[in-house]
Structure formats: structure tokens, C-alpha cells
Amino acid sequence: MQINEIENLPEVQASAQVLSELESQGIKEASIAAGWTRTLIAGGSTSDIDVSYVGTIHYEDAQAILAHVLDNVNPPNREMWDIKGIWNAEIAYGVKHTVDNFLLYYLNSIDSVYLASDGKLHDPTGYGFQDAQTKTLRINNYDLDRRPTTAAEEVNVCLENCRRLAKFGWTPTDRTFERITKSVSRWLELSDKEKSYFIRKLRTKYSDQERLSARVKYDLYGWGFVFDL
């Protein structure tokens, strides 16, 4: 399906209307990326829709606004909208634009494609649409271009992208493969609290039956050891 065909789907148009209504209520640069937009361009499935935005409105106030807007618009995918998942990226991370949040924290070119209130899917890396077609995992290096990453940030990038490699069967670019494998040593820089966080998070992502096959994929990049912790 072509991008313009995806943008014309009723659920996409209705979602854009929700974003537009949010912006009319002061929710700046309301946008959707990652899970739901990923499934639109790369296939697969997702359980919910999360909204990111910037500005001064606290996320608890944004939750109430989103619930009201959803009642008014009543999009066909109403049950997928995660009211508690609306996220103020400026308050959380200090970014001034929602797209900066996607480039910094949404990890790769496919997940960074986002739907805005104009009803268009935007590809900020310039590779997302193409990579979705070829099932290519291309880590965003927007973070490295701006500043050195902390150990926790780098481990998160590696583990989250390993999860995508295991779940979707994507093929990493050479640069992506190099970053994931070279960053294994940064695990040793983590505090005990940070290690515990990542271990707990991993356990929520896989059932006991899934862990063995997932580990095989993680082993390819040097990260299989996290399943033993």
C-alpha cells in the first residue's frame, strides 16, 4: 500500500482529526509514532496508540483533554487509544519539538515515522518509508550527533532494537550491527538499579515459551546474557 493510500484510510483520517482537536485544546504538536504507525507502514500488530506532544500542559491534564476529544470524535479505533499513554516530551526530556523526541528516543527509522495533525505520515530520518518496505533496522544516530549517550541510554537503544530484530525479523544495517555489538560493554557501566530495571523490563516482554527463541536472536549481537540475569 502506498503512503497516500495509508493516509486516506478512515482510521488514519480519524486519528489525525483527534490530533487536530488536541492541538485546538492547547496540546502542542500532538503526534503518533512507533507501534501504531509502524504497523501501518511495515505490517504486524499493536495493542494501543500513544500520543506525544510538547508545551506546558501537564500529562495528567492532557489525559482529561484526550478523553474528551475521543468522546467527541469517536474514531473507529477508539479502543486502541491509551489515555494514560499521552506523553509530554518537553517536560520529560526538555525537547522543544515532538519530532526531536521521536528522533532521540524512538530508536530507529521505522519507529520514528509519525502521524501529525495534518493527516500526513512524516519520515524525519528520510529512511523510514524505504526501510519499512525492505524490513531494514536502521538505528537513529540523532542522539550521538548531539551528545555522548549515557550507559543507560545506550543499553536501552541496544536492547530495544534487539527486541525488534527478534520480533519482526528485520535486517540491521552494517552501522546498526556495529553499534549494537560494540555497546555490549556499556552494560558494565550501569548501576545495580539500572541493571535491575532492564532485567525486569525484559521479563515483561517475553513469555517463558518465547524467551528461548528470542535469546537466539539476542546472542547474534552479544546480548543473550541478559536472559540469564
# chains A, B, ... in the order shown; residues from 1 in each chain; ligands from 1
call {"tool": "residues_around", "arguments": {"residues": "Asp48 of chain A", "least_positions_apart": "4", "cutoff": "7 Å", "atoms": "only C-alpha atoms", "output": "list in words"}}
result
Trp36, Met80, Trp81 and Asp82 of chain A
call {"tool": "residues_around", "arguments": {"residues": "segment 141-151 of chain A", "least_positions_apart": "5", "cutoff": "7 Å", "atoms": "only C-alpha atoms", "output": "PDB file with all heavy atoms, in the first residue's frame"}}
result
ATOM      1  N   LEU A 103      13.128  11.280  17.245  1.00  0.00           N
ATOM      2  CA  LEU A 103      14.482  11.029  16.741  1.00  0.00           C
ATOM      3  C   LEU A 103      15.422  10.578  17.851  1.00  0.00           C
ATOM      4  O   LEU A 103      16.329   9.766  17.628  1.00  0.00           O
ATOM      5  CB  LEU A 103      15.023  12.286  16.063  1.00  0.00           C
ATOM      6  CG  LEU A 103      14.376  12.631  14.722  1.00  0.00           C
ATOM      7  CD1 LEU A 103      14.789  14.031  14.273  1.00  0.00           C
ATOM      8  CD2 LEU A 103      14.756  11.608  13.662  1.00  0.00           C
ATOM      9  N   LEU A 104      15.225  11.101  19.053  1.00  0.00           N
ATOM     10  CA  LEU A 104      16.097  10.743  20.170  1.00  0.00           C
ATOM     11  C   LEU A 104      15.730   9.421  20.829  1.00  0.00           C
ATOM     12  O   LEU A 104      16.612   8.641  21.198  1.00  0.00           O
ATOM     13  CB  LEU A 104      16.063  11.843  21.235  1.00  0.00           C
ATOM     14  CG  LEU A 104      16.922  13.075  21.001  1.00  0.00           C
ATOM     15  CD1 LEU A 104      16.566  14.157  22.004  1.00  0.00           C
ATOM     16  CD2 LEU A 104      18.402  12.727  21.109  1.00  0.00           C
ATOM     17  N   ARG A 186      28.964  -1.575  27.593  1.00  0.00           N
ATOM     18  CA  ARG A 186      28.399  -0.494  28.391  1.00  0.00           C
ATOM     19  C   ARG A 186      27.465  -1.010  29.499  1.00  0.00           C
ATOM     20  O   ARG A 186      27.122  -0.272  30.419  1.00  0.00           O
ATOM     21  CB  ARG A 186      27.684   0.520  27.497  1.00  0.00           C
ATOM     22  CG  ARG A 186      28.615   1.118  26.437  1.00  0.00           C
ATOM     23  CD  ARG A 186      28.285   2.518  26.084  1.00  0.00           C
ATOM     24  NE  ARG A 186      28.468   3.453  27.177  1.00  0.00           N
ATOM     25  CZ  ARG A 186      28.161   4.749  27.081  1.00  0.00           C
ATOM     26  NH1 ARG A 186      27.674   5.232  25.944  1.00  0.00           N
ATOM     27  NH2 ARG A 186      28.333   5.556  28.104  1.00  0.00           N
ATOM     28  N   TRP A 187      27.086  -2.276  29.387  1.00  0.00           N
ATOM     29  CA  TRP A 187      26.302  -2.874  30.470  1.00  0.00           C
ATOM     30  C   TRP A 187      27.057  -2.792  31.790  1.00  0.00           C
ATOM     31  O   TRP A 187      26.470  -2.590  32.856  1.00  0.00           O
ATOM     32  CB  TRP A 187      25.978  -4.329  30.139  1.00  0.00           C
ATOM     33  CG  TRP A 187      25.220  -5.041  31.202  1.00  0.00           C
ATOM     34  CD1 TRP A 187      25.725  -5.807  32.220  1.00  0.00           C
ATOM     35  CD2 TRP A 187      23.786  -5.040  31.390  1.00  0.00           C
ATOM     36  NE1 TRP A 187      24.719  -6.291  33.017  1.00  0.00           N
ATOM     37  CE2 TRP A 187      23.517  -5.834  32.531  1.00  0.00           C
ATOM     38  CE3 TRP A 187      22.729  -4.460  30.701  1.00  0.00           C
ATOM     39  CZ2 TRP A 187      22.218  -6.054  32.995  1.00  0.00           C
ATOM     40  CZ3 TRP A 187      21.435  -4.673  31.163  1.00  0.00           C
ATOM     41  CH2 TRP A 187      21.186  -5.454  32.291  1.00  0.00           C
ATOM     42  N   GLU A 189      28.852  -0.501  32.856  1.00  0.00           N
ATOM     43  CA  GLU A 189      28.844   0.853  33.404  1.00  0.00           C
ATOM     44  C   GLU A 189      27.554   1.161  34.167  1.00  0.00           C
ATOM     45  O   GLU A 189      27.470   2.185  34.849  1.00  0.00           O
ATOM     46  CB  GLU A 189      29.009   1.875  32.277  1.00  0.00           C
ATOM     47  CG  GLU A 189      30.303   1.739  31.487  1.00  0.00           C
ATOM     48  CD  GLU A 189      30.340   2.724  30.323  1.00  0.00           C
ATOM     49  OE1 GLU A 189      29.775   3.831  30.455  1.00  0.00           O
ATOM     50  OE2 GLU A 189      30.908   2.368  29.273  1.00  0.00           O
ATOM     51  N   LEU A 190      26.560   0.295  34.054  1.00  0.00           N
ATOM     52  CA  LEU A 190      25.277   0.557  34.696  1.00  0.00           C
ATOM     53  C   LEU A 190      25.363   0.388  36.204  1.00  0.00           C
ATOM     54  O   LEU A 190      26.128  -0.435  36.712  1.00  0.00           O
ATOM     55  CB  LEU A 190      24.202  -0.391  34.156  1.00  0.00           C
ATOM     56  CG  LEU A 190      23.850  -0.320  32.674  1.00  0.00           C
ATOM     57  CD1 LEU A 190      22.813  -1.387  32.341  1.00  0.00           C
ATOM     58  CD2 LEU A 190      23.337   1.058  32.290  1.00  0.00           C
TER      59      LEU A 190
END
call {"tool": "residues_around", "arguments": {"residues": "Arg211 of chain A", "least_positions_apart": "3", "cutoff": "12 Å", "atoms": "only C-alpha atoms", "output": "PDB file with all heavy atoms, in the first residue's frame"}}
result
ATOM      1  N   ARG A 163      15.105  -6.330  20.504  1.00  0.00           N
ATOM      2  CA  ARG A 163      13.724  -6.826  20.589  1.00  0.00           C
ATOM      3  C   ARG A 163      13.011  -6.731  19.255  1.00  0.00           C
ATOM      4  O   ARG A 163      12.257  -7.637  18.866  1.00  0.00           O
ATOM      5  CB  ARG A 163      12.957  -6.054  21.672  1.00  0.00           C
ATOM      6  CG  ARG A 163      11.566  -6.607  21.942  1.00  0.00           C
ATOM      7  CD  ARG A 163      11.065  -6.186  23.304  1.00  0.00           C
ATOM      8  NE  ARG A 163      10.886  -4.754  23.410  1.00  0.00           N
ATOM      9  CZ  ARG A 163       9.739  -4.126  23.119  1.00  0.00           C
ATOM     10  NH1 ARG A 163       8.692  -4.819  22.702  1.00  0.00           N
ATOM     11  NH2 ARG A 163       9.630  -2.831  23.270  1.00  0.00           N
ATOM     12  N   ALA A 166      14.346  -9.463  17.010  1.00  0.00           N
ATOM     13  CA  ALA A 166      13.797 -10.766  17.376  1.00  0.00           C
ATOM     14  C   ALA A 166      12.323 -10.888  17.004  1.00  0.00           C
ATOM     15  O   ALA A 166      11.865 -11.937  16.538  1.00  0.00           O
ATOM     16  CB  ALA A 166      13.980 -10.992  18.880  1.00  0.00           C
ATOM     17  N   LYS A 167      11.570  -9.808  17.186  1.00  0.00           N
ATOM     18  CA  LYS A 167      10.126  -9.863  16.983  1.00  0.00           C
ATOM     19  C   LYS A 167       9.733  -9.802  15.519  1.00  0.00           C
ATOM     20  O   LYS A 167       8.822 -10.525  15.079  1.00  0.00           O
ATOM     21  CB  LYS A 167       9.457  -8.710  17.745  1.00  0.00           C
ATOM     22  CG  LYS A 167       7.934  -8.705  17.642  1.00  0.00           C
ATOM     23  CD  LYS A 167       7.335  -7.607  18.503  1.00  0.00           C
ATOM     24  CE  LYS A 167       5.811  -7.624  18.430  1.00  0.00           C
ATOM     25  NZ  LYS A 167       5.215  -6.573  19.309  1.00  0.00           N
ATOM     26  N   LEU A 202      12.821  -6.668  30.536  1.00  0.00           N
ATOM     27  CA  LEU A 202      12.943  -7.790  29.609  1.00  0.00           C
ATOM     28  C   LEU A 202      11.966  -8.905  29.956  1.00  0.00           C
ATOM     29  O   LEU A 202      11.361  -9.515  29.067  1.00  0.00           O
ATOM     30  CB  LEU A 202      14.377  -8.319  29.625  1.00  0.00           C
ATOM     31  CG  LEU A 202      14.694  -9.424  28.606  1.00  0.00           C
ATOM     32  CD1 LEU A 202      14.759  -8.846  27.202  1.00  0.00           C
ATOM     33  CD2 LEU A 202      16.012 -10.109  28.958  1.00  0.00           C
ATOM     34  N   ARG A 203      11.792  -9.155  31.243  1.00  0.00           N
ATOM     35  CA  ARG A 203      10.895 -10.227  31.667  1.00  0.00           C
ATOM     36  C   ARG A 203       9.444  -9.945  31.317  1.00  0.00           C
ATOM     37  O   ARG A 203       8.641 -10.878  31.167  1.00  0.00           O
ATOM     38  CB  ARG A 203      11.043 -10.453  33.177  1.00  0.00           C
ATOM     39  CG  ARG A 203      12.356 -11.145  33.552  1.00  0.00           C
ATOM     40  CD  ARG A 203      12.577 -11.181  35.045  1.00  0.00           C
ATOM     41  NE  ARG A 203      13.841 -11.833  35.387  1.00  0.00           N
ATOM     42  CZ  ARG A 203      14.472 -11.695  36.530  1.00  0.00           C
ATOM     43  NH1 ARG A 203      13.944 -10.899  37.478  1.00  0.00           N
ATOM     44  NH2 ARG A 203      15.613 -12.312  36.759  1.00  0.00           N
ATOM     45  N   THR A 204       9.092  -8.676  31.185  1.00  0.00           N
ATOM     46  CA  THR A 204       7.713  -8.343  30.811  1.00  0.00           C
ATOM     47  C   THR A 204       7.470  -8.498  29.319  1.00  0.00           C
ATOM     48  O   THR A 204       6.315  -8.521  28.891  1.00  0.00           O
ATOM     49  CB  THR A 204       7.364  -6.895  31.222  1.00  0.00           C
ATOM     50  OG1 THR A 204       8.126  -5.969  30.421  1.00  0.00           O
ATOM     51  CG2 THR A 204       7.652  -6.655  32.691  1.00  0.00           C
ATOM     52  N   LYS A 205       8.520  -8.592  28.540  1.00  0.00           N
ATOM     53  CA  LYS A 205       8.387  -8.602  27.084  1.00  0.00           C
ATOM     54  C   LYS A 205       8.222  -9.995  26.491  1.00  0.00           C
ATOM     55  O   LYS A 205       7.740 -10.130  25.366  1.00  0.00           O
ATOM     56  CB  LYS A 205       9.596  -7.919  26.437  1.00  0.00           C
ATOM     57  CG  LYS A 205       9.800  -6.459  26.846  1.00  0.00           C
ATOM     58  CD  LYS A 205       8.587  -5.605  26.527  1.00  0.00           C
ATOM     59  CE  LYS A 205       8.804  -4.148  26.934  1.00  0.00           C
ATOM     60  NZ  LYS A 205       7.596  -3.316  26.664  1.00  0.00           N
ATOM     61  N   TYR A 206       8.638 -11.023  27.232  1.00  0.00           N
ATOM     62  CA  TYR A 206       8.598 -12.373  26.680  1.00  0.00           C
ATOM     63  C   TYR A 206       7.987 -13.346  27.680  1.00  0.00           C
ATOM     64  O   TYR A 206       8.294 -13.301  28.873  1.00  0.00           O
ATOM     65  CB  TYR A 206      10.012 -12.855  26.327  1.00  0.00           C
ATOM     66  CG  TYR A 206      10.725 -12.019  25.293  1.00  0.00           C
ATOM     67  CD1 TYR A 206      11.742 -11.148  25.656  1.00  0.00           C
ATOM     68  CD2 TYR A 206      10.369 -12.101  23.948  1.00  0.00           C
ATOM     69  CE1 TYR A 206      12.399 -10.376  24.708  1.00  0.00           C
ATOM     70  CE2 TYR A 206      11.017 -11.335  22.994  1.00  0.00           C
ATOM     71  CZ  TYR A 206      12.029 -10.475  23.380  1.00  0.00           C
ATOM     72  OH  TYR A 206      12.666  -9.709  22.437  1.00  0.00           O
ATOM     73  N   SER A 207       7.159 -14.237  27.161  1.00  0.00           N
ATOM     74  CA  SER A 207       6.681 -15.344  27.986  1.00  0.00           C
ATOM     75  C   SER A 207       7.813 -16.353  28.130  1.00  0.00           C
ATOM     76  O   SER A 207       8.832 -16.282  27.438  1.00  0.00           O
ATOM     77  CB  SER A 207       5.480 -16.013  27.318  1.00  0.00           C
ATOM     78  OG  SER A 207       5.886 -16.656  26.111  1.00  0.00           O
ATOM     79  N   ASP A 208       7.632 -17.299  29.028  1.00  0.00           N
ATOM     80  CA  ASP A 208       8.649 -18.325  29.221  1.00  0.00           C
ATOM     81  C   ASP A 208       8.905 -19.089  27.925  1.00  0.00           C
ATOM     82  O   ASP A 208      10.042 -19.472  27.631  1.00  0.00           O
ATOM     83  CB  ASP A 208       8.222 -19.302  30.318  1.00  0.00           C
ATOM     84  CG  ASP A 208       8.219 -18.673  31.698  1.00  0.00           C
ATOM     85  OD1 ASP A 208       8.886 -17.626  31.869  1.00  0.00           O
ATOM     86  OD2 ASP A 208       7.550 -19.212  32.604  1.00  0.00           O
ATOM     87  N   ALA A 214      13.882 -15.973  21.499  1.00  0.00           N
ATOM     88  CA  ALA A 214      14.337 -14.583  21.498  1.00  0.00           C
ATOM     89  C   ALA A 214      15.819 -14.510  21.826  1.00  0.00           C
ATOM     90  O   ALA A 214      16.574 -13.751  21.201  1.00  0.00           O
ATOM     91  CB  ALA A 214      13.534 -13.763  22.503  1.00  0.00           C
ATOM     92  N   ARG A 215      16.240 -15.321  22.772  1.00  0.00           N
ATOM     93  CA  ARG A 215      17.647 -15.294  23.161  1.00  0.00           C
ATOM     94  C   ARG A 215      18.557 -15.641  21.995  1.00  0.00           C
ATOM     95  O   ARG A 215      19.654 -15.087  21.874  1.00  0.00           O
ATOM     96  CB  ARG A 215      17.903 -16.261  24.314  1.00  0.00           C
ATOM     97  CG  ARG A 215      19.374 -16.245  24.695  1.00  0.00           C
ATOM     98  CD  ARG A 215      19.775 -17.212  25.746  1.00  0.00           C
ATOM     99  NE  ARG A 215      21.224 -17.104  25.933  1.00  0.00           N
ATOM    100  CZ  ARG A 215      21.839 -17.164  27.086  1.00  0.00           C
ATOM    101  NH1 ARG A 215      21.139 -17.333  28.176  1.00  0.00           N
ATOM    102  NH2 ARG A 215      23.144 -17.054  27.160  1.00  0.00           N
ATOM    103  N   VAL A 216      18.129 -16.542  21.144  1.00  0.00           N
ATOM    104  CA  VAL A 216      18.932 -16.905  19.972  1.00  0.00           C
ATOM    105  C   VAL A 216      19.244 -15.664  19.140  1.00  0.00           C
ATOM    106  O   VAL A 216      20.376 -15.479  18.667  1.00  0.00           O
ATOM    107  CB  VAL A 216      18.194 -17.954  19.116  1.00  0.00           C
ATOM    108  CG1 VAL A 216      18.913 -18.177  17.781  1.00  0.00           C
ATOM    109  CG2 VAL A 216      18.071 -19.263  19.880  1.00  0.00           C
ATOM    110  N   LYS A 217      18.254 -14.807  18.986  1.00  0.00           N
ATOM    111  CA  LYS A 217      18.457 -13.566  18.222  1.00  0.00           C
ATOM    112  C   LYS A 217      19.374 -12.600  18.969  1.00  0.00           C
ATOM    113  O   LYS A 217      20.270 -11.996  18.374  1.00  0.00           O
ATOM    114  CB  LYS A 217      17.104 -12.900  17.954  1.00  0.00           C
ATOM    115  CG  LYS A 217      16.221 -13.649  16.982  1.00  0.00           C
ATOM    116  CD  LYS A 217      16.777 -13.583  15.573  1.00  0.00           C
ATOM    117  CE  LYS A 217      15.805 -14.177  14.567  1.00  0.00           C
ATOM    118  NZ  LYS A 217      16.330 -14.110  13.182  1.00  0.00           N
ATOM    119  N   TYR A 218      19.156 -12.441  20.265  1.00  0.00           N
ATOM    120  CA  TYR A 218      19.987 -11.539  21.054  1.00  0.00           C
ATOM    121  C   TYR A 218      21.441 -12.003  21.052  1.00  0.00           C
ATOM    122  O   TYR A 218      22.370 -11.185  21.041  1.00  0.00           O
ATOM    123  CB  TYR A 218      19.471 -11.450  22.500  1.00  0.00           C
ATOM    124  CG  TYR A 218      18.261 -10.596  22.720  1.00  0.00           C
ATOM    125  CD1 TYR A 218      17.044 -10.864  22.072  1.00  0.00           C
ATOM    126  CD2 TYR A 218      18.284  -9.525  23.599  1.00  0.00           C
ATOM    127  CE1 TYR A 218      15.932 -10.094  22.296  1.00  0.00           C
ATOM    128  CE2 TYR A 218      17.154  -8.744  23.843  1.00  0.00           C
ATOM    129  CZ  TYR A 218      15.979  -9.034  23.181  1.00  0.00           C
ATOM    130  OH  TYR A 218      14.866  -8.266  23.406  1.00  0.00           O
ATOM    131  N   ASP A 219      21.636 -13.326  21.056  1.00  0.00           N
ATOM    132  CA  ASP A 219      23.000 -13.876  21.047  1.00  0.00           C
ATOM    133  C   ASP A 219      23.782 -13.435  19.808  1.00  0.00           C
ATOM    134  O   ASP A 219      25.009 -13.281  19.865  1.00  0.00           O
ATOM    135  CB  ASP A 219      22.956 -15.407  21.090  1.00  0.00           C
ATOM    136  CG  ASP A 219      22.904 -15.954  22.507  1.00  0.00           C
ATOM    137  OD1 ASP A 219      23.403 -15.268  23.428  1.00  0.00           O
ATOM    138  OD2 ASP A 219      22.372 -17.056  22.692  1.00  0.00           O
ATOM    139  N   GLY A 224      22.723 -11.890  24.523  1.00  0.00           N
ATOM    140  CA  GLY A 224      21.969 -13.006  25.059  1.00  0.00           C
ATOM    141  C   GLY A 224      22.120 -13.200  26.554  1.00  0.00           C
ATOM    142  O   GLY A 224      21.237 -13.750  27.216  1.00  0.00           O
ATOM    143  N   PHE A 225      23.212 -12.692  27.106  1.00  0.00           N
ATOM    144  CA  PHE A 225      23.472 -12.884  28.538  1.00  0.00           C
ATOM    145  C   PHE A 225      22.403 -12.279  29.436  1.00  0.00           C
ATOM    146  O   PHE A 225      22.235 -12.697  30.599  1.00  0.00           O
ATOM    147  CB  PHE A 225      24.846 -12.286  28.908  1.00  0.00           C
ATOM    148  CG  PHE A 225      24.902 -10.786  28.850  1.00  0.00           C
ATOM    149  CD1 PHE A 225      24.609 -10.020  29.971  1.00  0.00           C
ATOM    150  CD2 PHE A 225      25.225 -10.142  27.670  1.00  0.00           C
ATOM    151  CE1 PHE A 225      24.655  -8.640  29.927  1.00  0.00           C
ATOM    152  CE2 PHE A 225      25.285  -8.746  27.619  1.00  0.00           C
ATOM    153  CZ  PHE A 225      24.994  -7.990  28.747  1.00  0.00           C
ATOM    154  N   VAL A 226      21.675 -11.276  28.927  1.00  0.00           N
ATOM    155  CA  VAL A 226      20.677 -10.610  29.776  1.00  0.00           C
ATOM    156  C   VAL A 226      19.554 -11.569  30.176  1.00  0.00           C
ATOM    157  O   VAL A 226      18.884 -11.341  31.178  1.00  0.00           O
ATOM    158  CB  VAL A 226      20.075  -9.364  29.087  1.00  0.00           C
ATOM    159  CG1 VAL A 226      21.146  -8.300  28.885  1.00  0.00           C
ATOM    160  CG2 VAL A 226      19.426  -9.722  27.776  1.00  0.00           C
ATOM    161  N   PHE A 227      19.377 -12.657  29.412  1.00  0.00           N
ATOM    162  CA  PHE A 227      18.336 -13.617  29.755  1.00  0.00           C
ATOM    163  C   PHE A 227      18.733 -14.491  30.942  1.00  0.00           C
ATOM    164  O   PHE A 227      17.889 -15.182  31.505  1.00  0.00           O
ATOM    165  CB  PHE A 227      18.007 -14.505  28.543  1.00  0.00           C
ATOM    166  CG  PHE A 227      17.256 -13.791  27.459  1.00  0.00           C
ATOM    167  CD1 PHE A 227      17.908 -13.092  26.459  1.00  0.00           C
ATOM    168  CD2 PHE A 227      15.855 -13.800  27.451  1.00  0.00           C
ATOM    169  CE1 PHE A 227      17.210 -12.434  25.470  1.00  0.00           C
ATOM    170  CE2 PHE A 227      15.138 -13.138  26.461  1.00  0.00           C
ATOM    171  CZ  PHE A 227      15.826 -12.453  25.463  1.00  0.00           C
ATOM    172  N   ASP A 228      20.006 -14.481  31.287  1.00  0.00           N
ATOM    173  CA  ASP A 228      20.485 -15.299  32.405  1.00  0.00           C
ATOM    174  C   ASP A 228      20.472 -14.542  33.728  1.00  0.00           C
ATOM    175  O   ASP A 228      20.761 -15.132  34.785  1.00  0.00           O
ATOM    176  CB  ASP A 228      21.935 -15.770  32.143  1.00  0.00           C
ATOM    177  CG  ASP A 228      22.016 -16.705  30.946  1.00  0.00           C
ATOM    178  OD1 ASP A 228      21.035 -17.440  30.710  1.00  0.00           O
ATOM    179  OD2 ASP A 228      23.053 -16.683  30.258  1.00  0.00           O
TER     180      ASP A 228
END
call {"tool": "closest_residue", "arguments": {"among": "A:Leu220, A:Ile110, A:Val51, A:Val18", "to": "Arg38 of chain A", "atoms": "only C-alpha atoms"}}
result
A:Ile110
call {"tool": "select_by_dssp", "arguments": {"residues": "segment 148-202 of chain A", "states": "helix (DSSP H, G or I)", "output": "PyMOL selection string"}}
result
chain A and resi 151-168+174-189+192-202
call {"tool": "residues_around", "arguments": {"residues": "Ser52 of chain A", "least_positions_apart": "2", "cutoff": "9 Å", "atoms": "only C-alpha atoms", "output": "PyMOL selection string"}}
result
chain A and resi 29-33+50+54+85-89+98+101-102
call {"tool": "select_by_dssp", "arguments": {"residues": "segment 8-228 of chain A", "states": "strand (DSSP E)", "output": "ChimeraX atom specification"}}
result
/A:28-33,52-54,87-88,114-115,121-122,136-137,171-172
call {"tool": "write_last_selection", "arguments": {"atoms": "C-alpha atoms", "output": "compact mmCIF listing (two decimals), in the first residue's frame"}}
result
# COMPACT_ATOMS: atom_id res chain seq x y z
CA LYS A 28 1.18 21.36 21.01
CA GLU A 29 2.46 19.23 18.11
CA ALA A 30 0.35 16.21 19.03
CA SER A 31 1.68 13.24 17.07
CA ILE A 32 1.71 9.44 16.99
CA ALA A 33 4.77 7.32 16.25
CA SER A 52 3.37 12.57 22.24
CA TYR A 53 3.33 16.37 22.47
CA VAL A 54 5.25 19.38 23.76
CA TRP A 87 3.25 11.99 26.93
CA ASN A 88 4.65 15.50 27.30
CA TYR A 114 4.86 9.76 12.76
CA LEU A 115 1.32 10.90 12.02
CA LEU A 121 2.84 10.48 7.75
CA HIS A 122 6.19 12.19 8.21
CA THR A 136 15.60 -2.90 7.48
CA LEU A 137 16.56 -1.88 11.01
CA THR A 171 17.83 -6.99 8.94
CA PRO A 172 20.18 -4.45 10.58
call {"tool": "residues_around", "arguments": {"residues": "Asp174 of chain A", "least_positions_apart": "4", "cutoff": "9 Å", "atoms": "only C-alpha atoms", "output": "compact mmCIF listing (two decimals) with N, CA and C atoms, in the first residue's frame"}}
result
# COMPACT_ATOMS: atom_id res chain seq x y z
N ARG A 138 17.40 0.37 11.03
CA ARG A 138 18.40 1.42 10.93
C ARG A 138 18.29 2.30 12.18
N GLU A 178 27.03 -2.75 14.05
CA GLU A 178 28.23 -2.33 14.76
C GLU A 178 27.90 -1.65 16.07
N ARG A 179 26.91 -0.77 16.07
CA ARG A 179 26.57 -0.05 17.30
C ARG A 179 26.05 -1.00 18.37
call {"tool": "residues_around", "arguments": {"residues": "Glu7 of chain A", "least_positions_apart": "3", "cutoff": "9 Å", "atoms": "only C-alpha atoms", "output": "ChimeraX atom specification"}}
result
/A:2-4,10-13,115,119-121
call {"tool": "write_last_selection", "arguments": {"atoms": "C-alpha atoms", "output": "mmCIF file, in the first residue's frame"}}
result
data_model
loop_
_atom_site.group_PDB
_atom_site.id
_atom_site.type_symbol
_atom_site.label_atom_id
_atom_site.label_comp_id
_atom_site.auth_asym_id
_atom_site.auth_seq_id
_atom_site.Cartn_x
_atom_site.Cartn_y
_atom_site.Cartn_z
ATOM 1 C CA GLN A 2 1.312 3.435 -0.934
ATOM 2 C CA ILE A 3 1.770 6.110 1.730
ATOM 3 C CA ASN A 4 -1.028 8.278 0.333
ATOM 4 C CA PRO A 10 -10.665 6.081 7.604
ATOM 5 C CA GLU A 11 -8.880 5.209 10.852
ATOM 6 C CA VAL A 12 -5.888 7.345 9.887
ATOM 7 C CA GLN A 13 -8.036 10.321 8.936
ATOM 8 C CA LEU A 115 1.325 10.900 12.018
ATOM 9 C CA GLY A 119 -3.115 13.876 8.314
ATOM 10 C CA LYS A 120 0.290 13.105 6.834
ATOM 11 C CA LEU A 121 2.843 10.475 7.753
#
call {"tool": "closest_residue", "arguments": {"among": "A:Glu90, A:Glu5, A:Glu194, A:Glu79", "to": "Ser47 of chain A", "atoms": "only C-alpha atoms"}}
result
A:Glu79
call {"tool": "closest_residue", "arguments": {"among": "A:Thr46, A:Gln133, A:Asn156, A:Asn161", "to": "Asn77 of chain A", "atoms": "only C-alpha atoms"}}
result
A:Thr46
call {"tool": "residues_around", "arguments": {"residues": "Asp61 of chain A", "least_positions_apart": "6", "cutoff": "12 Å", "atoms": "only C-alpha atoms", "output": "short mmCIF file (atom, residue, chain, number, x, y, z; two decimals) with C-alpha atoms, in the first residue's frame"}}
result
data_model
loop_
_atom_site.label_atom_id
_atom_site.label_comp_id
_atom_site.auth_asym_id
_atom_site.auth_seq_id
_atom_site.Cartn_x
_atom_site.Cartn_y
_atom_site.Cartn_z
CA LEU A 22 -5.98 18.08 20.77
CA GLN A 25 -7.13 22.49 23.10
CA GLY A 26 -3.52 23.60 23.58
CA ILE A 27 -1.75 20.24 23.17
CA ALA A 67 -10.63 11.53 26.82
CA HIS A 68 -12.95 14.43 25.98
CA ILE A 83 -5.40 7.74 27.54
CA LYS A 84 -2.74 7.25 30.20
CA ILE A 86 -0.23 10.59 26.32
CA TRP A 87 3.25 11.99 26.93
CA ASN A 88 4.65 15.50 27.30
#
